[in-house]
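For reference, the structure discussed in these notes is given below.
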Amino acid sequence: MSLAGRDPWRFGVLFSQSGVTSAVERTQLQATILACETINRDGGLLGRPVELVTYDGRSEPPTFQKLAQRLLTEDNVRLIFGCYMSSTRKAVLPIVEACRGLLMYPTLYEGFEYSPNCIYTGSAPNQNSLPLACYLFKHYGPRVLFIGSDYVYPHESNRIMADLVRQAGGGVVGERYVPLNAQVDDFASTIRDIGHLRPNVIFSTIVGRATARFYEAYYAAGFDSGTMPIASLTTSEAEVAEMTPQAACGHISAAPFFSVLRTPAAMEFVTAFRARFGSEATVSAAAEAAYFQFGLVCQAIGKVGTDAPDLVRLALSGLEFEAPQGRVAIDAANNHTFLWPRVAKLDASGRFEIVWDPGVRVRPDPYCIDQDLDSWPAPAAQLVAMQV
Amino acid sequence: MAIEILRDLRGLRVEVMHPPDADGVSLIEHLQRIGCVATSIWPIQSVAAPAPDLIVLAVDHDTRDPLKQLCRSTQAAPPTVIAVVGYENPSTLQLVLEIGAHAVIERPIHPFGLLTQLVVARSLWLQQQENNAKTQKLERKLAGLQRLHRARLILMTNQKLSEDEAYKTIRRHAMTNRVALEDAATAIIHAHERVRQLARD
């Protein structure tokens, strides 16, 4: 069936193709393009082609805000797929709410938010901080040093982790923040502290380009990732691609998806992604979320026959979807997503290796205050025991 | 501080007295999302025991009488109160003050901001409880000191004791009878007044 000449659906896409977090956001943009092309190849959406209106948010909240306004008022799109940093989501949401649009947000974040005009398809803290903490305390110990980029996500993420560290009877030996676009020199004092304090784990909430600089500085200082790894929720395949394999080796990340996942759905997604964007293309959990959320929206539109945001949102509530990570679902109570947490370690060639896959789909709890090591979602000890 | 209050919000019993329209539904849903145990009653009426921890009240000119009645009924142990307003005219504001609102949210209800108002309201309410308890304790203490002072003056005048001797006498009296110093002072004041009365009769 030819889609040519048919009135297209038009969706807005808003990721950074430049600026500090462009590496990971580019993977989100590519995944969105891939999902869109797949839909069009398979006959479109209700017989109509899907067209993307794409802008570069440049990793700057005011730019994101201006472009969201343009998408919703001048380009007349009603659905926007986009945003990585919380600061950019916070800039976009008031506009989306005022224009009665819908934002599909494919990124992990710090929780404590609900907007009827937003669907959150990345991890909430109960879906990533908790499994990561379980793994770290069991294998390395609970003396932790925090380092993060200085904006909202790292501060909140560290507060949650500090609480878990206390529960495990450990301690936070230090908490440091560096500028978003931190350079190697910005890490000097932290590297010195790590040498003196010798924590069990460094918990990093550095985002974007500064990530590789920190891992390289850590490696240059001669620390052993085998006994004192850096653990992170924001170091994905995209950030790792910017560092040398030696600097990456031995460090830990938690996410619902890793490109090395060996399930048929995951492998099919990664293969299609690399066939489209090159064999070296990096695929991250953020990209996977961008990919499946596009499919979710198309499925919802298929049900209601319109892209009117109110109806799409209604159709998305409780909707189940076969994502590359496994079967996900939108929680009707809070617009967040049921996801499959996993923990992975980087090997000597800079590739992730899944080291813990508890095989449970975890319900999102964005307003969770007391993350409880013993009730996630079965006792953590039991989950750790399940590890091969 | 914020964390303790947020923790306290999980499982907090919230009674929403708001018409069951879109705003009312949105309020209940977001309270539940946050983790409160939210129920709703309409129209405004007295709350059954056990009283809720927090009441969300639609404040309108139409509801002024039941609002005032409700506030009178909870006077003994007032819960945290959040007002929902649609107007900012002086008579609405007067009502907001009369019901002792700890926070105000405006219509149309918007999820963003409700958590902040809950936290601020609970914090103010807790401070108020603490201050009330402190004030009561201080009032009792002050009244006790005044009685002690008066009893000492009585002893100094009538028994020609020095200030120090008067104090020791009251203390001895308290210890012998195993009562608080203030109660011993009260007994002396009563005895003195009784004697004066008899003399007058």
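A note on labels: chains of the structure tokens are A, B, ... as shown, every chain counts residues from 1, and ligands are counted from 1 in their shown order.
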
Discussion item. Give me, as a PyMOL selection string, all polymer residues having an atom no more than 6 Å from region 157-166 of chain A, counting only C-alpha atoms and skipping those fewer than 5 positions away in the same chain.
Written reply: chain A and resi 110+142+171

What are the DSSP helix (DSSP H, G or I) residues of region 202-376 of chain A, as a CSV table (one decimal) with C-alpha atoms, in the first residue's frame?
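Ended up saving to selection-v4.csv:
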```csv
chain,number,residue,atom,x,y,z
A,210,ALA,CA,31.9,15.1,31.6
A,211,THR,CA,31.2,11.4,32.4
A,212,ALA,CA,34.1,10.2,30.1
A,213,ARG,CA,36.4,12.9,31.6
A,214,PHE,CA,35.7,11.6,35.1
A,215,TYR,CA,36.2,8.0,34.2
A,216,GLU,CA,39.5,8.9,32.4
A,217,ALA,CA,40.7,10.9,35.4
A,218,TYR,CA,39.9,7.9,37.6
A,219,TYR,CA,41.8,5.5,35.4
A,220,ALA,CA,44.8,7.9,35.2
A,237,GLU,CA,26.5,3.0,26.1
A,238,ALA,CA,26.5,6.6,24.8
A,239,GLU,CA,28.7,8.0,27.5
A,240,VAL,CA,31.0,4.9,27.4
A,245,PRO,CA,37.9,0.8,27.0
A,246,GLN,CA,40.6,0.8,29.8
A,247,ALA,CA,38.8,3.7,31.6
A,248,ALA,CA,35.5,2.0,31.3
A,264,PRO,CA,15.1,-11.9,20.7
A,265,ALA,CA,13.3,-8.6,21.0
A,266,ALA,CA,16.4,-6.8,22.3
A,267,MET,CA,18.6,-8.3,19.6
A,268,GLU,CA,16.2,-7.4,16.9
A,269,PHE,CA,16.1,-3.8,18.0
A,270,VAL,CA,19.8,-3.4,18.3
A,271,THR,CA,20.3,-5.1,14.9
A,272,ALA,CA,17.8,-2.8,13.2
A,273,PHE,CA,19.3,0.3,14.9
A,274,ARG,CA,22.8,-0.6,13.7
A,275,ALA,CA,21.6,-1.5,10.2
A,276,ARG,CA,20.1,2.0,10.0
A,277,PHE,CA,22.7,4.1,11.8
A,285,ALA,CA,18.4,2.5,27.6
A,286,ALA,CA,17.3,6.0,26.9
A,287,ALA,CA,17.2,5.1,23.2
A,288,GLU,CA,15.2,2.0,23.9
A,289,ALA,CA,12.7,4.0,25.9
A,290,ALA,CA,12.5,6.5,23.0
A,291,TYR,CA,11.9,3.6,20.6
A,292,PHE,CA,9.2,1.7,22.6
A,293,GLN,CA,7.3,4.9,23.6
A,294,PHE,CA,6.9,5.7,19.9
A,295,GLY,CA,5.3,2.3,19.4
A,296,LEU,CA,3.1,2.8,22.4
A,297,VAL,CA,1.8,6.1,21.1
A,298,CYS,CA,1.1,4.6,17.6
A,299,GLN,CA,-0.7,1.7,19.2
A,300,ALA,CA,-2.8,4.2,21.3
A,301,ILE,CA,-3.6,6.3,18.2
A,302,GLY,CA,-4.5,3.0,16.4
A,303,LYS,CA,-7.1,2.5,19.1
A,304,VAL,CA,-8.7,5.9,19.2
A,309,PRO,CA,-3.7,14.3,23.4
A,310,ASP,CA,-6.6,13.7,25.8
A,311,LEU,CA,-7.7,10.6,24.0
A,312,VAL,CA,-4.2,9.3,23.3
A,313,ARG,CA,-3.4,9.7,27.0
A,314,LEU,CA,-6.6,7.8,27.9
A,315,ALA,CA,-5.7,5.0,25.5
A,316,LEU,CA,-2.1,4.9,26.9
A,373,LEU,CA,16.2,-2.4,50.7
A,374,ASP,CA,14.1,-5.3,52.1
A,375,SER,CA,11.0,-4.9,50.0
```

Item to complete: With a distance threshold of 8 Å and counting only C-alpha atoms, extract the residues of chain B near chain A and express them as a ChimeraX atom specification.
Response: /B:3,6-7,29,33-35,111-112

Worksheet item: How would you write, as a list in words, the set of residues in chain B that DSSP gives as strand (DSSP E or B)?
Response: Arg13, Val14, Glu15, Val16, Met17, Val37, Ala38, Thr39, Ser40, Leu54, Ile55, Val56, Leu57, Ala58, Val59, Thr80, Val81, Ile82, Ala83, Val84, Val85, Ala103, Val104, Ile105 and Glu106 of chain B

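Those residues that approach region 166-177 of chain B to within 7 Å, counting only C-alpha atoms, are Arg152, Leu155, Met156, Leu161, Ala184 and Ala185 of chain B; same-chain residues fewer than 5 positions away are not listed.
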
Discussion item. Applying 7 Å and only C-alpha atoms, which residues near region 223-228 of chain A remain after dropping the ones on its own chain fewer than 6 positions away? List them as a PyMOL selection string.
Written reply: chain A and resi 140+199-201+250-251

Exercise: region 12-21 of chain A partners within 8 Å, only C-alpha atoms, chain neighbours under 6 positions left out, as a tab-separated table (two decimals) with C-alpha atoms, in the first residue's frame:
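Final output, saved to out-v9.tsv:
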```
chain	number	residue	atom	x	y	z
A	28	GLN	CA	17.11	8.92	21.55
A	29	LEU	CA	16.55	10.89	18.36
A	52	LEU	CA	8.54	13.97	12.34
A	53	VAL	CA	9.13	17.66	12.97
A	54	THR	CA	12.56	17.63	14.59
A	55	TYR	CA	14.45	20.42	16.37
A	56	ASP	CA	17.78	20.63	18.23
A	57	GLY	CA	17.29	21.71	21.85
A	58	ARG	CA	21.09	22.25	22.21
A	59	SER	CA	21.06	21.01	25.84
A	60	GLU	CA	19.65	24.40	26.91
A	64	PHE	CA	13.79	23.60	24.59
A	67	LEU	CA	11.04	25.06	20.42
A	68	ALA	CA	8.20	23.38	22.31
A	71	LEU	CA	6.04	22.92	17.73
A	77	VAL	CA	1.80	19.22	16.35
A	78	ARG	CA	0.07	17.89	19.45
A	79	LEU	CA	2.47	15.20	20.61
A	80	ILE	CA	6.13	15.80	21.45
A	81	PHE	CA	8.70	13.06	21.91
A	82	GLY	CA	11.69	14.40	23.76
A	83	CYS	CA	13.82	15.74	26.62
A	84	TYR	CA	16.67	14.17	28.57
A	85	MET	CA	17.75	16.49	31.39
A	180	LEU	CA	27.53	20.35	33.93
A	181	ASN	CA	30.35	20.76	31.45
A	207	VAL	CA	25.72	13.39	33.04
A	208	GLY	CA	26.81	13.90	29.46
A	209	ARG	CA	30.29	14.62	28.21
A	210	ALA	CA	31.85	15.15	31.64
```

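The residue that comes closest to Asp23 (chain B), out of B:Glu106, B:His61, B:Leu145, B:Ala187 and on the basis of only C-alpha atoms, is B:Glu106.
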
Fill in: Shortest interatomic distance to His149 (chain B) - which of B:Pro52, B:Ile99, B:Glu182, B:Gly113, counting only C-alpha atoms
B:Glu182

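Interatomic distance, CA of Thr92 (chain B) to CA of Trp42 (chain B): 19.3 Å.
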
Discussion item. I'd like to know which of B:Arg107, B:Arg140, B:His192, B:Arg122 is closest to His18 (chain B), using only C-alpha atoms.
Written reply: B:Arg107

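For the set B:Asp53, B:Asp60, B:Glu139, B:Asp21, the residue with the smallest atom-to-atom gap to Thr80 (chain B) is B:Asp53, counting only C-alpha atoms.
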
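For the pair CA of Leu132 (chain A) and CA of Thr235 (chain A), the separation is 12.8 Å.
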
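Shortest separation to Thr74 (chain B) among B:Ser46, B:Gln159, B:Lys137, B:Leu95 occurs at residue B:Ser46, atoms counted being only C-alpha atoms.
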
Worksheet entry | Contacts of Ile41 (chain B) within 8 Å, only C-alpha atoms, excl. fewer than 4 positions in-chain, as number ranges by chain | B: 15-18, 45

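Nearest residue to Ala101 (chain B), choosing from B:Thr116, B:Val56, B:Leu126, B:Lys68 and counting only C-alpha atoms: B:Val56.
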
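Coordinates place CA of Gln167 (chain A) at a distance of 20.3 Å from CA of Gly111 (chain A).
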